[in-house]
Amino acid sequence: MSEIRKFRGKNEYKKPVVQQAGTEQKESGASGIADRRTGDLFAKIWRHRVTVFYRIMLILAVIAAVIAIWVIRFNNKVYTGYTVSAEESWTDNSSLDILEYHGNILTYSKDGAVCTDLHGRTLWNQSYEMQNPLVTICGDYAAIGDYNGTTIFVMNSSGQQGTIDTRMPIRAIDISAKGTVLVVLDDAPNTWLSLYSKEGAILWNCKSTMSINGYPLKASVSDNSMMIGVSYLYIDSGAISSKVAFYNLDEVGDNYQDTLVSVFNYNNAVVPMLYFMNEEDSFAVADNRLMLYNGRQIPTSTKDIILSEEVRAVFYSTKYIGLVFLNMQGDAKYRLDIYNTSGDLVHSFELNQEYKEILFYDDFVYIYNESECLVYQVKGKLKFEGEFDVPAQLLLPTTARDKLVLVSRNRIQNIRLN
């Protein structure tokens, strides 16, 4: 019995070993097959991803090449003509003064002002009686006042927003993008600088006398209404001199007497022009120099450029300043020097044609009169040189570089350069 048990015990011992070994072989074989299949699957997925990646890179390369070709062709292309893609009729306004107004058209005279959109539709019509209307525009707001009068109308594209009664004769006006109006008022022998809300409330006052401040030749308010710049003319030891002063109407200005935060003196100079380009940069033009300032709260002088020639006209944008001179050296009649906000000379153009207007739009400069137009990149590349088929009263650039809006006496045309 014991031997039988041993035999059985051996059989019982060997049998599981034989069965286990067989199972391992089967499992090993199945595992190998599974591993090969998994490896093949991963390889296929990887090859597919690589293929998709290269296809995407190829597509992006083609797109980049197309864009590069288009940019090169655009930069090198000079337009000489145009086609009219759309046209609207409007009232003959040849006897009225005309201005671009926030993408619309503003015409005005002694009897009233009219705002028209680019489809010829009247947005508003403001009647008044003025001997010498003064108009200033900033963003969607416009102020219309009468020189030597006492009434100012504050408008936006929706119509009249308020009326200001100054009670003293108006000498000059300026408006911010918020609709606040800065007015120079005559109160002989004194002069007042007054800032009004669009509803007519006084927000700020500054009295000026010739013996203390001087006479304000030019006063400007920043777009956000927080800064006021004034060019004063005064007599110093029998000689005419000027100073440019900046007033801060924000909390910073409360720490300074009369909110006066910066003053810059210029001997033997007259400064009839002072403008804010944006919330940080401003500039002034004297009869003998160009002065640039920078500072959101306390402006500092950043560049003082001495000019040896008389400035004929000044044009500017948020990025550039254009000064027009009689050309004393070349064959052209005029020279246009373009400066950036740092005071660097970007480019100098020679112009033979007379100009009705010079305007900046982004990095392009548009020079036109009633019959001719030139379009340059500010760095000097000519983009368009051509003539108008109708007398131009106003030219409006658009975001599309080859599309403009041409306003004539009784038509508004959308034109495409070619």
# chains A, B, ... in the order shown; residues from 1 in each chain; ligands from 1
>>> residues_around(residues="Leu359 of chain A", least_positions_apart="4", cutoff="10 Å", atoms="only C-alpha atoms", output="PyMOL selection string")
chain A and resi 315-317+320-322+364-368+375+395-397
>>> write_last_selection(atoms="N, CA and C atoms", output="PDB file, in the first residue's frame")
ATOM      1  N   PHE A 315       0.881 117.679 -39.870  1.00  0.00           N
ATOM      2  CA  PHE A 315      -0.106 116.605 -39.881  1.00  0.00           C
ATOM      3  C   PHE A 315       0.385 115.524 -38.914  1.00  0.00           C
ATOM      4  N   TYR A 316      -0.546 114.830 -38.278  1.00  0.00           N
ATOM      5  CA  TYR A 316      -0.103 113.839 -37.297  1.00  0.00           C
ATOM      6  C   TYR A 316      -1.149 112.748 -37.114  1.00  0.00           C
ATOM      7  N   SER A 317      -0.715 111.647 -36.494  1.00  0.00           N
ATOM      8  CA  SER A 317      -1.587 110.546 -36.106  1.00  0.00           C
ATOM      9  C   SER A 317      -1.152 110.101 -34.722  1.00  0.00           C
ATOM     10  N   TYR A 320       2.711 109.044 -35.877  1.00  0.00           N
ATOM     11  CA  TYR A 320       3.630 109.809 -36.711  1.00  0.00           C
ATOM     12  C   TYR A 320       3.301 111.303 -36.709  1.00  0.00           C
ATOM     13  N   ILE A 321       4.349 112.099 -36.968  1.00  0.00           N
ATOM     14  CA  ILE A 321       4.228 113.538 -37.142  1.00  0.00           C
ATOM     15  C   ILE A 321       4.791 113.880 -38.511  1.00  0.00           C
ATOM     16  N   GLY A 322       4.041 114.641 -39.308  1.00  0.00           N
ATOM     17  CA  GLY A 322       4.498 115.053 -40.623  1.00  0.00           C
ATOM     18  C   GLY A 322       4.659 116.561 -40.687  1.00  0.00           C
ATOM     19  N   PHE A 364       0.890 104.057 -43.452  1.00  0.00           N
ATOM     20  CA  PHE A 364       0.808 104.628 -44.788  1.00  0.00           C
ATOM     21  C   PHE A 364       0.503 106.119 -44.685  1.00  0.00           C
ATOM     22  N   VAL A 365       0.975 106.866 -45.681  1.00  0.00           N
ATOM     23  CA  VAL A 365       0.692 108.298 -45.744  1.00  0.00           C
ATOM     24  C   VAL A 365      -0.004 108.581 -47.075  1.00  0.00           C
ATOM     25  N   TYR A 366      -1.103 109.336 -47.000  1.00  0.00           N
ATOM     26  CA  TYR A 366      -1.925 109.665 -48.161  1.00  0.00           C
ATOM     27  C   TYR A 366      -1.803 111.163 -48.431  1.00  0.00           C
ATOM     28  N   ILE A 367      -1.416 111.507 -49.646  1.00  0.00           N
ATOM     29  CA  ILE A 367      -1.221 112.904 -50.037  1.00  0.00           C
ATOM     30  C   ILE A 367      -2.108 113.150 -51.256  1.00  0.00           C
ATOM     31  N   TYR A 368      -3.042 114.092 -51.149  1.00  0.00           N
ATOM     32  CA  TYR A 368      -3.958 114.275 -52.272  1.00  0.00           C
ATOM     33  C   TYR A 368      -4.440 115.715 -52.377  1.00  0.00           C
ATOM     34  N   VAL A 375       0.091 107.642 -52.550  1.00  0.00           N
ATOM     35  CA  VAL A 375       0.058 106.830 -51.342  1.00  0.00           C
ATOM     36  C   VAL A 375       1.433 106.188 -51.175  1.00  0.00           C
ATOM     37  N   LEU A 395     -10.889 112.155 -48.884  1.00  0.00           N
ATOM     38  CA  LEU A 395     -10.418 110.798 -49.146  1.00  0.00           C
ATOM     39  C   LEU A 395     -10.331 110.068 -47.821  1.00  0.00           C
ATOM     40  N   LEU A 396     -10.938 108.874 -47.737  1.00  0.00           N
ATOM     41  CA  LEU A 396     -10.960 108.103 -46.507  1.00  0.00           C
ATOM     42  C   LEU A 396     -10.316 106.742 -46.747  1.00  0.00           C
ATOM     43  N   PRO A 397      -9.175 106.443 -46.104  1.00  0.00           N
ATOM     44  CA  PRO A 397      -8.582 105.110 -46.197  1.00  0.00           C
ATOM     45  C   PRO A 397      -9.463 104.073 -45.495  1.00  0.00           C
TER      46      PRO A 397
END
>>> residues_around(residues="Ser408 of chain A", least_positions_apart="3", cutoff="8 Å", atoms="only C-alpha atoms", output="list in words")
Val390, Pro391, Ala392, Gln393, Leu394, Arg411 and Ile412 of chain A
>>> atom_distance(atom1="atom CA of Trp124 of chain A", atom2="atom CA of Ala142 of chain A")
12.4 Å
>>> atom_distance(atom1="atom CA of Ala86 of chain A", atom2="atom CA of Asn414 of chain A")
5.1 Å
>>> atom_distance(atom1="atom CA of Gly103 of chain A", atom2="atom CA of Ile137 of chain A")
11.9 Å
>>> select_by_dssp(residues="segment 277-324 of chain A", states="strand (DSSP E)", output="PyMOL selection string")
chain A and resi 281-285+289-294+300-306+311-316+320-324
>>> write_last_selection(atoms="C-alpha atoms", output="PDB file, in the first residue's frame")
ATOM      1  CA  ASP A 281       2.861 111.048 -26.366  1.00  0.00           C
ATOM      2  CA  SER A 282       2.424 114.700 -27.287  1.00  0.00           C
ATOM      3  CA  PHE A 283       4.322 117.233 -29.355  1.00  0.00           C
ATOM      4  CA  ALA A 284       4.592 120.943 -30.023  1.00  0.00           C
ATOM      5  CA  VAL A 285       5.858 122.858 -33.028  1.00  0.00           C
ATOM      6  CA  ARG A 289      11.902 123.571 -33.489  1.00  0.00           C
ATOM      7  CA  LEU A 290       9.923 120.363 -32.978  1.00  0.00           C
ATOM      8  CA  MET A 291       9.477 119.294 -29.342  1.00  0.00           C
ATOM      9  CA  LEU A 292       8.304 115.847 -28.221  1.00  0.00           C
ATOM     10  CA  TYR A 293       7.026 114.827 -24.783  1.00  0.00           C
ATOM     11  CA  ASN A 294       6.192 111.534 -23.140  1.00  0.00           C
ATOM     12  CA  THR A 300       8.896 114.883 -19.772  1.00  0.00           C
ATOM     13  CA  SER A 301      10.761 116.293 -22.760  1.00  0.00           C
ATOM     14  CA  THR A 302      12.108 113.428 -24.879  1.00  0.00           C
ATOM     15  CA  LYS A 303      13.374 115.212 -28.009  1.00  0.00           C
ATOM     16  CA  ASP A 304      14.062 118.784 -29.056  1.00  0.00           C
ATOM     17  CA  ILE A 305      14.729 119.053 -32.789  1.00  0.00           C
ATOM     18  CA  ILE A 306      15.999 122.376 -34.108  1.00  0.00           C
ATOM     19  CA  VAL A 311       7.187 124.787 -41.246  1.00  0.00           C
ATOM     20  CA  ARG A 312       4.398 125.198 -43.795  1.00  0.00           C
ATOM     21  CA  ALA A 313       1.966 122.631 -42.370  1.00  0.00           C
ATOM     22  CA  VAL A 314       1.702 119.951 -39.681  1.00  0.00           C
ATOM     23  CA  PHE A 315      -0.106 116.605 -39.881  1.00  0.00           C
ATOM     24  CA  TYR A 316      -0.103 113.839 -37.297  1.00  0.00           C
ATOM     25  CA  TYR A 320       3.630 109.809 -36.711  1.00  0.00           C
ATOM     26  CA  ILE A 321       4.228 113.538 -37.142  1.00  0.00           C
ATOM     27  CA  GLY A 322       4.498 115.053 -40.623  1.00  0.00           C
ATOM     28  CA  LEU A 323       6.121 118.457 -41.214  1.00  0.00           C
ATOM     29  CA  VAL A 324       5.887 120.147 -44.617  1.00  0.00           C
TER      30      VAL A 324
END
>>> residues_around(residues="Lys207 of chain A", least_positions_apart="6", cutoff="8 Å", atoms="only C-alpha atoms", output="list in words")
Asn190, Thr191, Trp192 and Leu193 of chain A
>>> closest_residue(among="A:Phe349, A:Val62, A:Trp204, A:Ser158", to="Leu382 of chain A", atoms="only C-alpha atoms")
A:Phe349
>>> residues_around(residues="Lys110 of chain A", least_positions_apart="5", cutoff="9 Å", atoms="only C-alpha atoms", output="ChimeraX atom specification")
/A:128-133,146
>>> decode(residues="segment 250-266 of chain A", atoms="C-alpha atoms", output="JSON list (two decimals), in the first residue's frame")
[["chain", "number", "residue", "atom", "x", "y", "z"],
["A", 250, "ASP", "CA", -6.13, 113.08, -12.22],
["A", 251, "GLU", "CA", -5.16, 112.29, -8.62],
["A", 252, "VAL", "CA", -1.47, 112.95, -9.37],
["A", 253, "GLY", "CA", -2.26, 116.57, -10.18],
["A", 254, "ASP", "CA", -3.79, 117.10, -6.73],
["A", 255, "ASN", "CA", -0.26, 117.03, -5.30],
["A", 256, "TYR", "CA", 0.84, 120.01, -7.41],
["A", 257, "GLN", "CA", -0.11, 123.67, -7.21],
["A", 258, "ASP", "CA", -2.88, 124.43, -9.70],
["A", 259, "THR", "CA", -2.45, 120.82, -10.96],
["A", 260, "LEU", "CA", 0.56, 122.07, -12.99],
["A", 261, "VAL", "CA", 2.93, 119.08, -13.28],
["A", 262, "SER", "CA", 5.38, 120.08, -16.08],
["A", 263, "VAL", "CA", 6.67, 123.32, -17.58],
["A", 264, "PHE", "CA", 9.18, 123.73, -20.44],
["A", 265, "ASN", "CA", 10.57, 127.14, -21.44],
["A", 266, "TYR", "CA", 11.71, 128.13, -24.92]]
